[in-house]
>>> print(open('model-v7.txt').read())   # compact mmCIF, C-alpha atoms
# COMPACT_ATOMS: atom_id res chain seq x y z
CA MET A 1 1.72 35.87 8.50
CA PRO A 2 1.99 33.91 11.76
CA ASP A 3 -0.57 31.16 12.38
CA HIS A 4 -2.49 30.80 15.66
CA HIS A 5 0.60 29.19 17.24
CA GLY A 6 2.68 32.17 16.25
CA HIS A 7 4.55 30.19 13.57
CA LYS A 8 5.21 31.70 10.20
CA LEU A 9 4.33 29.74 7.08
CA GLY A 10 7.30 27.68 5.93
CA GLN A 11 8.37 27.06 9.47
CA ILE A 12 7.93 23.90 11.52
CA GLN A 13 7.37 24.66 15.15
CA GLY A 14 9.21 27.89 14.65
CA ARG A 15 11.94 26.34 12.48
CA THR A 16 12.41 26.44 8.74
CA ALA A 17 12.13 23.20 6.73
CA ALA A 18 15.91 23.26 6.22
CA GLU A 19 16.46 23.55 9.97
CA ALA A 20 14.02 20.70 10.58
CA ASN A 21 15.86 18.52 8.06
CA ASP A 22 19.15 19.28 9.79
CA GLN A 23 17.69 18.09 13.07
CA ILE A 24 16.38 14.91 11.46
CA ARG A 25 19.80 14.19 9.96
CA ALA A 26 21.34 14.56 13.41
CA ALA A 27 18.94 12.03 14.95
CA PRO A 28 17.81 9.61 12.22
CA VAL A 29 15.09 7.04 12.85
CA PRO A 30 16.88 3.68 13.26
CA ASN A 31 16.13 0.75 10.97
CA CYS A 32 13.45 2.49 8.96
CA SER A 33 14.73 1.54 5.54
CA MET A 34 12.68 -1.00 3.58
CA THR A 35 14.51 -3.19 1.09
CA ARG A 36 13.00 -4.66 -2.06
CA SER A 37 10.29 -6.77 -0.52
CA ALA A 38 6.64 -7.71 -0.74
CA TYR A 39 4.27 -6.50 1.96
CA VAL A 40 0.84 -8.03 2.25
CA ALA A 41 -1.86 -5.56 3.29
CA VAL A 42 -3.44 -8.04 5.64
CA VAL A 43 -7.14 -8.41 6.29
CA THR A 44 -8.45 -8.19 9.84
CA TRP A 45 -10.01 -11.36 11.22
CA PHE A 46 -13.22 -10.86 13.20
CA ASN A 47 -15.29 -13.03 15.47
CA GLU A 48 -19.01 -13.27 14.79
CA ASP A 49 -19.64 -10.37 17.16
CA GLU A 50 -17.11 -8.26 15.19
CA THR A 51 -14.53 -8.31 17.96
CA MET A 52 -10.96 -8.99 16.86
CA ASN A 53 -10.01 -12.64 16.41
CA TYR A 54 -6.46 -12.32 17.73
CA ALA A 55 -5.62 -16.03 17.50
CA ALA A 56 -6.57 -16.09 13.83
CA ILE A 57 -4.64 -12.88 13.18
CA ARG A 58 -1.53 -14.42 14.73
CA ALA A 59 -1.99 -17.52 12.55
CA GLN A 60 -2.44 -15.36 9.47
CA VAL A 61 0.75 -13.42 10.18
CA ARG A 62 2.67 -16.65 10.71
CA TRP A 63 1.26 -17.99 7.41
CA GLN A 64 2.46 -14.92 5.55
CA VAL A 65 5.88 -14.89 7.19
CA ALA A 66 6.30 -18.62 6.49
CA ALA A 67 5.55 -17.92 2.82
CA GLY A 68 8.28 -15.27 2.80
CA ASN A 69 6.15 -12.13 2.84
CA ASN A 70 6.13 -9.08 5.09
CA ILE A 71 3.10 -7.56 6.77
CA MET A 72 1.37 -4.23 6.41
CA CYS A 73 -1.73 -3.61 8.48
CA GLU A 74 -4.53 -1.05 8.59
CA GLY A 75 -4.77 -0.67 4.85
CA THR A 76 -7.98 -0.77 2.83
CA ASN A 77 -7.87 -4.56 2.96
CA GLY A 78 -7.77 -4.48 6.73
CA ASP A 79 -11.23 -2.99 7.29
CA PHE A 80 -9.25 -0.07 8.66
CA SER A 81 -12.34 1.52 10.12
CA ALA A 82 -12.24 -1.35 12.62
CA MET B 1 -13.94 21.92 -4.98
CA THR B 2 -15.40 19.81 -7.77
CA HIS B 3 -14.72 16.15 -8.50
CA GLY B 4 -11.38 15.70 -10.19
CA GLU B 5 -10.27 19.25 -9.54
CA LYS B 6 -6.53 19.53 -9.18
CA ILE B 7 -5.39 20.53 -5.72
CA GLN B 8 -2.33 22.71 -5.34
CA LEU B 9 -0.74 21.64 -2.08
CA PRO B 10 1.21 24.48 -0.47
CA GLU B 11 4.78 23.38 0.21
CA GLU B 12 4.59 24.99 3.63
CA VAL B 13 1.70 22.74 4.57
CA VAL B 14 3.63 19.65 3.47
CA HIS B 15 6.59 20.54 5.65
CA GLU B 16 4.36 21.52 8.56
CA VAL B 17 2.59 18.12 8.54
CA ALA B 18 5.72 16.08 7.85
CA GLY B 19 7.54 17.84 10.64
CA GLN B 20 5.15 16.37 13.19
CA VAL B 21 5.81 12.69 12.51
CA LYS B 22 8.77 10.39 11.99
CA VAL B 23 8.29 8.39 8.78
CA ILE B 24 5.68 8.77 6.09
CA VAL B 25 5.06 6.87 2.91
CA ASN B 26 2.59 8.87 0.88
CA ALA B 27 -0.16 6.77 -0.61
CA GLY B 28 -1.53 7.56 -4.04
CA CYS B 29 -4.87 5.76 -4.33
CA PRO B 30 -7.08 7.68 -6.76
CA ALA B 31 -9.70 4.92 -6.96
CA ARG B 32 -10.52 5.36 -3.27
CA THR B 33 -9.69 9.02 -2.65
CA GLN B 34 -10.48 10.54 -6.07
CA ASN B 35 -7.19 12.37 -5.73
CA HIS B 36 -4.05 11.74 -7.73
CA ILE B 37 -0.63 12.68 -6.38
CA ASP B 38 1.02 14.48 -9.25
CA PRO B 39 4.70 13.59 -9.82
CA GLU B 40 5.68 17.21 -9.23
CA THR B 41 3.81 17.12 -5.90
CA ALA B 42 5.69 13.91 -5.14
CA ARG B 43 8.90 15.83 -5.79
CA VAL B 44 7.97 18.44 -3.18
CA LEU B 45 7.01 15.72 -0.70
CA ALA B 46 10.18 13.70 -1.32
CA GLN B 47 12.39 16.59 -0.30
CA HIS B 48 11.31 16.32 3.33
CA LEU B 49 13.49 13.86 5.20
CA ASN B 50 10.59 12.56 7.26
CA ILE B 51 8.89 11.43 4.06
CA ALA B 52 10.42 8.12 3.07
CA GLY B 53 8.67 7.73 -0.24
CA ILE B 54 5.44 7.12 -2.07
CA LYS B 55 3.19 4.14 -2.65
CA ASP B 56 1.21 4.09 -5.86
CA SER B 57 -2.11 2.28 -6.05
CA GLY B 58 -3.31 3.88 -9.24
CA GLY B 59 -2.03 1.20 -11.59
CA SER B 60 -0.63 3.57 -14.20
CA THR B 61 2.82 2.42 -15.30
CA GLU B 62 3.44 5.92 -16.59
CA THR B 63 2.83 7.43 -13.16
CA VAL B 64 5.02 4.86 -11.42
CA SER B 65 7.80 5.59 -13.92
CA GLU B 66 7.48 9.30 -13.20
CA TYR B 67 7.58 8.69 -9.43
CA LEU B 68 10.74 6.62 -9.93
CA ARG B 69 12.32 9.41 -11.95
CA VAL B 70 11.49 11.91 -9.20
CA ALA B 71 12.86 9.58 -6.52
CA GLU B 72 16.11 9.16 -8.42
CA GLU B 73 16.49 12.88 -9.00
CA VAL B 74 15.70 13.83 -5.39
CA GLY B 75 17.62 10.93 -3.84
CA GLY B 76 16.86 9.15 -0.59
CA SER B 77 13.26 8.50 -1.58
CA VAL B 78 11.63 5.19 -2.49
CA VAL B 79 8.64 4.10 -4.55
CA TYR B 80 6.30 1.25 -3.65
CA CYS B 81 3.78 -0.19 -6.06
CA ALA B 82 0.47 -1.73 -5.07
CA PRO B 83 -1.45 -3.12 -8.05
CA ASP B 84 -0.95 -6.87 -8.02
CA HIS B 85 -0.60 -7.19 -11.78
CA LEU B 86 2.48 -4.93 -11.65
CA VAL B 87 4.59 -6.70 -9.01
CA HIS B 88 7.21 -8.05 -11.40
CA TRP B 89 7.24 -5.03 -13.68
CA SER B 90 7.49 -2.47 -10.87
CA LEU B 91 10.39 -4.19 -9.14
CA GLN B 92 12.24 -4.55 -12.42
CA GLN B 93 11.79 -0.81 -12.95
CA GLY B 94 13.36 -0.01 -9.59
CA CYS B 95 10.55 0.10 -7.04
CA ALA B 96 11.71 -0.69 -3.53
CA GLY B 97 8.85 -3.07 -2.91
CA VAL B 98 5.21 -3.87 -3.41
CA ILE B 99 2.13 -3.67 -1.20
CA SER B 100 -0.19 -6.51 -2.10
CA GLY B 101 -3.83 -7.15 -1.29
CA LEU B 102 -4.08 -10.38 -3.25
CA GLY B 103 -1.19 -11.82 -1.24
CA ASN B 104 -3.77 -12.49 1.49
CA VAL B 105 -5.30 -15.14 -0.73
CA ALA B 106 -2.24 -16.46 -2.53
CA PRO B 107 0.84 -15.72 -0.38
CA GLN B 108 2.93 -18.41 -2.01
CA VAL B 109 2.36 -16.98 -5.48
CA LEU B 110 3.43 -13.52 -4.35
CA ALA B 111 6.46 -15.02 -2.63
CA ALA B 112 7.32 -16.94 -5.82
CA ILE B 113 7.41 -13.69 -7.80
CA MET B 114 9.73 -12.15 -5.22
CA ASP B 115 11.89 -15.25 -4.96
CA GLY B 116 12.30 -15.45 -8.72
CA LEU B 117 13.21 -11.78 -8.92
CA ASN B 118 15.65 -11.82 -6.02
CA LYS B 119 17.39 -14.94 -7.40
CA GLY B 120 17.53 -13.49 -10.90
CA ASP B 121 15.21 -16.17 -12.28
CA THR B 122 12.85 -13.97 -14.25
CA ALA B 123 11.18 -16.96 -15.92
CA VAL B 124 9.89 -18.18 -12.55
CA ALA B 125 8.81 -14.66 -11.62
CA ASP B 126 7.05 -14.27 -14.97
CA VAL B 127 5.03 -17.46 -14.55
CA ALA B 128 4.04 -16.59 -10.98
CA GLN B 129 3.09 -13.07 -12.08
CA LEU B 130 0.80 -14.46 -14.79
CA VAL B 131 -0.94 -16.63 -12.20
CA PHE B 132 -1.28 -13.67 -9.84
CA ALA B 133 -2.64 -11.38 -12.55
CA GLY B 134 -5.15 -14.01 -13.67
CA LEU B 135 -6.49 -14.44 -10.15
CA ARG B 136 -6.71 -10.67 -9.76
CA LYS B 137 -8.63 -10.28 -13.00
CA ASP B 138 -11.14 -13.01 -12.17
CA LEU B 139 -11.64 -12.09 -8.53
CA TYR B 140 -11.76 -8.32 -8.81
CA ALA B 141 -14.20 -8.49 -11.72
CA LEU B 142 -16.85 -9.47 -9.17
CA GLY B 143 -16.77 -6.48 -6.85
CA PHE B 144 -14.88 -4.11 -4.56
CA PRO B 145 -11.36 -5.62 -4.42
CA PRO B 146 -10.79 -5.51 -0.62
CA ALA B 147 -14.19 -7.13 -0.05
CA MET B 148 -13.42 -9.74 -2.69
CA VAL B 149 -10.09 -10.55 -1.03
CA LYS B 150 -11.81 -11.11 2.28
CA ARG B 151 -14.62 -13.06 0.65
CA ALA B 152 -12.09 -15.36 -1.06
CA LEU B 153 -10.37 -15.93 2.26
CA TYR B 154 -13.76 -16.60 3.82
CA MET B 155 -14.40 -19.31 1.24
CA MET B 156 -11.02 -20.84 2.15
CA ASP B 157 -11.44 -20.39 5.90
CA PRO B 158 -14.69 -18.99 7.35
CA SER B 159 -12.98 -18.04 10.59
CA VAL B 160 -11.72 -14.85 8.87
CA GLY B 161 -15.20 -13.42 9.32
CA LEU B 162 -17.01 -11.07 6.98
CA SER B 163 -16.09 -7.63 5.75
CA ARG B 164 -17.60 -4.89 7.81
CA GLN B 165 -20.57 -3.28 6.19
CA PRO B 166 -21.28 -1.65 3.85
CA ALA B 167 -19.37 -4.13 1.69
CA LEU B 168 -21.00 -5.76 -1.28
CA MET B 169 -21.68 -9.43 -0.74
CA PRO B 170 -20.74 -11.36 -3.87
CA ASP B 171 -22.22 -14.55 -5.15
CA ALA B 172 -20.85 -17.62 -3.33
CA ALA B 173 -21.11 -19.85 -6.41
CA GLN B 174 -19.00 -17.39 -8.40
CA ASP B 175 -16.46 -17.23 -5.60
CA ALA B 176 -16.18 -21.00 -5.43
CA ALA B 177 -15.71 -21.27 -9.19
CA ILE B 178 -12.86 -18.75 -9.14
CA LEU B 179 -11.12 -20.35 -6.21
CA GLU B 180 -11.40 -23.77 -7.81
CA LYS B 181 -10.06 -22.42 -11.09
CA HIS B 182 -7.01 -21.08 -9.26
CA SER B 183 -6.58 -24.15 -7.05
CA LEU B 184 -7.28 -22.19 -3.88
CA THR B 185 -10.15 -24.26 -2.48
>>> encode(input="model-v7.txt", output="structure tokens")
Amino acid sequence: MPDHHGHKLGQIQGRTAAEANDQIRAAPVPNCSMTRSAYVAVVTWFNEDETMNYAAIRAQVRWQVAAGNNIMCEGTNGDFSA
Amino acid sequence: MTHGEKIQLPEEVVHEVAGQVKVIVNAGCPARTQNHIDPETARVLAQHLNIAGIKDSGGSTETVSEYLRVAEEVGGSVVYCAPDHLVHWSLQQGCAGVISGLGNVAPQVLAAIMDGLNKGDTAVADVAQLVFAGLRKDLYALGFPPAMVKRALYMMDPSVGLSRQPALMPDAAQDAAILEKHSLT
């Protein structure tokens, strides 16, 4: 049964999953592989008024990179609702 | 739907959602979402080329092992592990990487685990992992882990600010004792 866009179930924007995969293979996302590494789910630094403390965030990222870690943001540790 | 009820995710829905974005790493975090991504569901997800892999936050070594088996069988899919007491174990099993919360507080310890592993020095990685797991046990025993991570950082550097509410505010004396025990003050 077509949905409200006229697509049938099992189709992606009118294409089947197999057709969608073929298109993805033809135009892969560059440099999206992640090798064996550690990513720190960074916290978000706030000023007292709960605005973002960008200077401290930059310092935190540099601290992590200097230690040899990678960064992941907007996780549970990052007060993602912010 | 009742709490803990198993959800059967229609394969068509998976492909419909995945077809709209470029790269997804599915996140299994039952402690926060009350939903567990079943390994067989992970198999369905892994077959879509826009889905790069899965990150497990559940802490079950059995589940991680099953995800790894699925990833190997499907091919082109990776598994990331989040619980900080499983960094060394998960990478030895074949996980592509780890996502760490505790690394905010002790980045050098996390890096030491990785360095030991990548250089083949498992003894160094083992020692660093024991330190990491001990800190995790002591710190997370006091409250909601993300809030405890931020609280520990706050004790080390108040400029991090506080967790946004509603986050439980732990006892400062307890925090200080833990940080001192782990040489983080």
>>> residues_around(input="model-v7.txt", residues="Lys150 in chain B", least_positions_apart="6", cutoff="12 Å", atoms="only C-alpha atoms", output="PyMOL selection string")
(chain A and resi 41-46+76-79) or (chain B and resi 101-106+139-140+143-144+156-164+167-170+175)
>>> closest_residue(input="model-v7.txt", among="B:Ala133, B:Ala172, B:Leu49, B:Leu86", to="chain A", atoms="all atoms listed in the file")
B:Leu49
>>> atom_distance(input="model-v7.txt", atom1="CA of Ser57 in chain B", atom2="CA of Ala82 in chain B")
4.9 Å
>>> atom_distance(input="model-v7.txt", atom1="CA of Lys181 in chain B", atom2="CA of Gly116 in chain B")
23.5 Å
>>> atom_distance(input="model-v7.txt", atom1="CA of Arg43 in chain B", atom2="CA of Tyr67 in chain B")
8.1 Å
>>> residues_around(input="model-v7.txt", residues="range 79-81 of chain B", least_positions_apart="3", cutoff="9 Å", atoms="all atoms listed in the file", output="count of residues only")
25
>>> closest_residue(input="model-v7.txt", among="B:Leu142, B:Lys119, B:Val131, B:Ala112", to="chain A", atoms="only C-alpha atoms")
B:Ala112
>>> closest_residue(input="model-v7.txt", among="A:Asn53, A:Ser37, A:Asn70, A:Gln60", to="chain B", atoms="all atoms listed in the file")
A:Ser37
>>> axis_aligned_box(input="model-v7.txt", around="range 137-156 of chain B", padding_each_side="4 Å", output="JSON")
{"center_x": -12.7, "center_y": -12.5, "center_z": -4.6, "size_x": 16.2, "size_y": 24.7, "size_z": 24.8}
>>> closest_residue(input="model-v7.txt", among="B:Ala123, B:Ala176, B:Leu110, B:Ala128", to="Val40 in chain A", atoms="all atoms listed in the file")
B:Leu110
>>> closest_residue(input="model-v7.txt", among="B:His48, B:His88, B:Arg69, B:Arg136", to="chain A", atoms="all atoms listed in the file")
B:His48
>>> decode(input="model-v7.txt", residues="range 150-165 of chain B", atoms="all heavy atoms", output="CSV table (one decimal), in the first residue's frame")
chain,number,residue,atom,x,y,z
B,150,LYS,N,30.6,15.1,34.9
B,150,LYS,CA,30.7,16.5,34.9
B,150,LYS,C,31.0,17.1,36.3
B,150,LYS,O,31.8,18.0,36.4
B,150,LYS,CB,29.4,17.1,34.4
B,150,LYS,CG,29.5,18.6,34.0
B,150,LYS,CD,28.5,19.1,33.0
B,150,LYS,CE,28.9,20.4,32.4
B,150,LYS,NZ,27.9,20.9,31.4
B,151,ARG,N,30.5,16.4,37.3
B,151,ARG,CA,30.8,16.9,38.6
B,151,ARG,C,32.2,16.7,38.9
B,151,ARG,O,32.9,17.5,39.6
B,151,ARG,CB,29.9,16.1,39.6
B,151,ARG,CG,30.1,16.5,41.1
B,151,ARG,CD,29.6,17.9,41.3
B,151,ARG,NE,29.8,18.3,42.7
B,151,ARG,CZ,29.5,19.5,43.2
B,151,ARG,NH1,28.9,20.4,42.4
B,151,ARG,NH2,29.7,19.8,44.4
B,152,ALA,N,32.8,15.5,38.5
B,152,ALA,CA,34.2,15.3,38.7
B,152,ALA,C,35.1,16.3,38.0
B,152,ALA,O,36.0,16.9,38.6
B,152,ALA,CB,34.6,13.9,38.3
B,153,LEU,N,34.7,16.7,36.8
B,153,LEU,CA,35.4,17.7,36.1
B,153,LEU,C,35.3,19.0,36.8
B,153,LEU,O,36.2,19.8,36.9
B,153,LEU,CB,34.8,17.8,34.7
B,153,LEU,CG,35.5,17.0,33.6
B,153,LEU,CD1,34.8,17.3,32.2
B,153,LEU,CD2,37.0,17.4,33.4
B,154,TYR,N,34.1,19.3,37.3
B,154,TYR,CA,33.8,20.5,38.1
B,154,TYR,C,34.8,20.6,39.3
B,154,TYR,O,35.3,21.7,39.6
B,154,TYR,CB,32.4,20.6,38.5
B,154,TYR,CG,32.0,21.9,39.2
B,154,TYR,CD1,31.7,23.0,38.5
B,154,TYR,CD2,31.9,21.9,40.6
B,154,TYR,CE1,31.3,24.2,39.2
B,154,TYR,CE2,31.6,23.1,41.3
B,154,TYR,CZ,31.3,24.2,40.6
B,154,TYR,OH,31.0,25.3,41.2
B,155,MET,N,35.0,19.5,39.9
B,155,MET,CA,35.9,19.5,41.1
B,155,MET,C,37.3,19.8,40.7
B,155,MET,O,38.1,20.4,41.4
B,155,MET,CB,35.8,18.2,41.8
B,155,MET,CG,34.5,17.8,42.4
B,155,MET,SD,33.9,18.9,43.7
B,155,MET,CE,35.0,18.5,45.0
B,156,MET,N,37.7,19.4,39.4
B,156,MET,CA,39.0,19.6,38.9
B,156,MET,C,39.1,21.0,38.3
B,156,MET,O,40.2,21.6,38.3
B,156,MET,CB,39.3,18.6,37.8
B,156,MET,CG,39.3,17.1,38.4
B,156,MET,SD,39.1,15.9,37.1
B,156,MET,CE,40.7,16.0,36.3
B,157,ASP,N,38.0,21.5,37.7
B,157,ASP,CA,38.0,22.8,37.1
B,157,ASP,C,36.6,23.4,37.1
B,157,ASP,O,35.8,23.0,36.2
B,157,ASP,CB,38.6,22.7,35.7
B,157,ASP,CG,38.7,24.0,35.0
B,157,ASP,OD1,38.2,25.1,35.5
B,157,ASP,OD2,39.2,24.1,33.8
B,158,PRO,N,36.3,24.3,38.0
B,158,PRO,CA,34.9,24.8,38.1
B,158,PRO,C,34.4,25.5,36.8
B,158,PRO,O,33.2,25.7,36.7
B,158,PRO,CB,35.0,25.7,39.3
B,158,PRO,CG,36.2,25.4,40.0
B,158,PRO,CD,37.1,24.8,39.0
B,159,SER,N,35.3,25.9,35.9
B,159,SER,CA,34.8,26.6,34.8
B,159,SER,C,34.0,25.7,33.8
B,159,SER,O,33.4,26.2,32.9
B,159,SER,CB,36.0,27.2,34.0
B,159,SER,OG,36.8,26.2,33.4
B,160,VAL,N,34.0,24.4,34.1
B,160,VAL,CA,33.1,23.5,33.2
B,160,VAL,C,31.7,23.8,33.4
B,160,VAL,O,30.8,23.5,32.6
B,160,VAL,CB,33.4,22.0,33.5
B,160,VAL,CG1,32.9,21.6,34.9
B,160,VAL,CG2,32.8,21.1,32.4
B,161,GLY,N,31.3,24.4,34.6
B,161,GLY,CA,29.9,24.6,34.9
B,161,GLY,C,29.2,23.4,35.4
B,161,GLY,O,29.8,22.3,35.5
B,162,LEU,N,28.0,23.6,35.7
B,162,LEU,CA,27.2,22.4,36.3
B,162,LEU,C,26.4,21.7,35.2
B,162,LEU,O,26.1,22.3,34.1
B,162,LEU,CB,26.2,23.0,37.3
B,162,LEU,CG,26.9,23.7,38.5
B,162,LEU,CD1,25.9,24.3,39.4
B,162,LEU,CD2,27.8,22.7,39.3
B,163,SER,N,26.0,20.5,35.5
B,163,SER,CA,25.0,19.8,34.6
B,163,SER,C,23.7,20.6,34.6
B,163,SER,O,23.3,21.1,35.6
B,163,SER,CB,24.8,18.4,35.1
B,163,SER,OG,25.9,17.6,35.0
B,164,ARG,N,23.1,20.5,33.4
B,164,ARG,CA,21.8,21.1,33.4
B,164,ARG,C,20.8,20.3,34.2
B,164,ARG,O,20.9,19.1,34.2
B,164,ARG,CB,21.3,21.3,31.9
B,164,ARG,CG,22.1,22.4,31.3
B,164,ARG,CD,21.5,22.9,30.0
B,164,ARG,NE,22.0,24.2,29.7
B,164,ARG,CZ,21.7,24.9,28.6
B,164,ARG,NH1,20.9,24.3,27.7
B,164,ARG,NH2,22.2,26.1,28.3
B,165,GLN,N,19.9,21.0,34.8
B,165,GLN,CA,18.9,20.3,35.6
B,165,GLN,C,17.9,19.5,34.7
B,165,GLN,O,17.6,19.9,33.6
B,165,GLN,CB,18.2,21.3,36.5
B,165,GLN,CG,19.1,21.9,37.5
B,165,GLN,CD,19.8,20.9,38.4
B,165,GLN,OE1,19.1,20.0,38.9
B,165,GLN,NE2,21.1,21.0,38.6
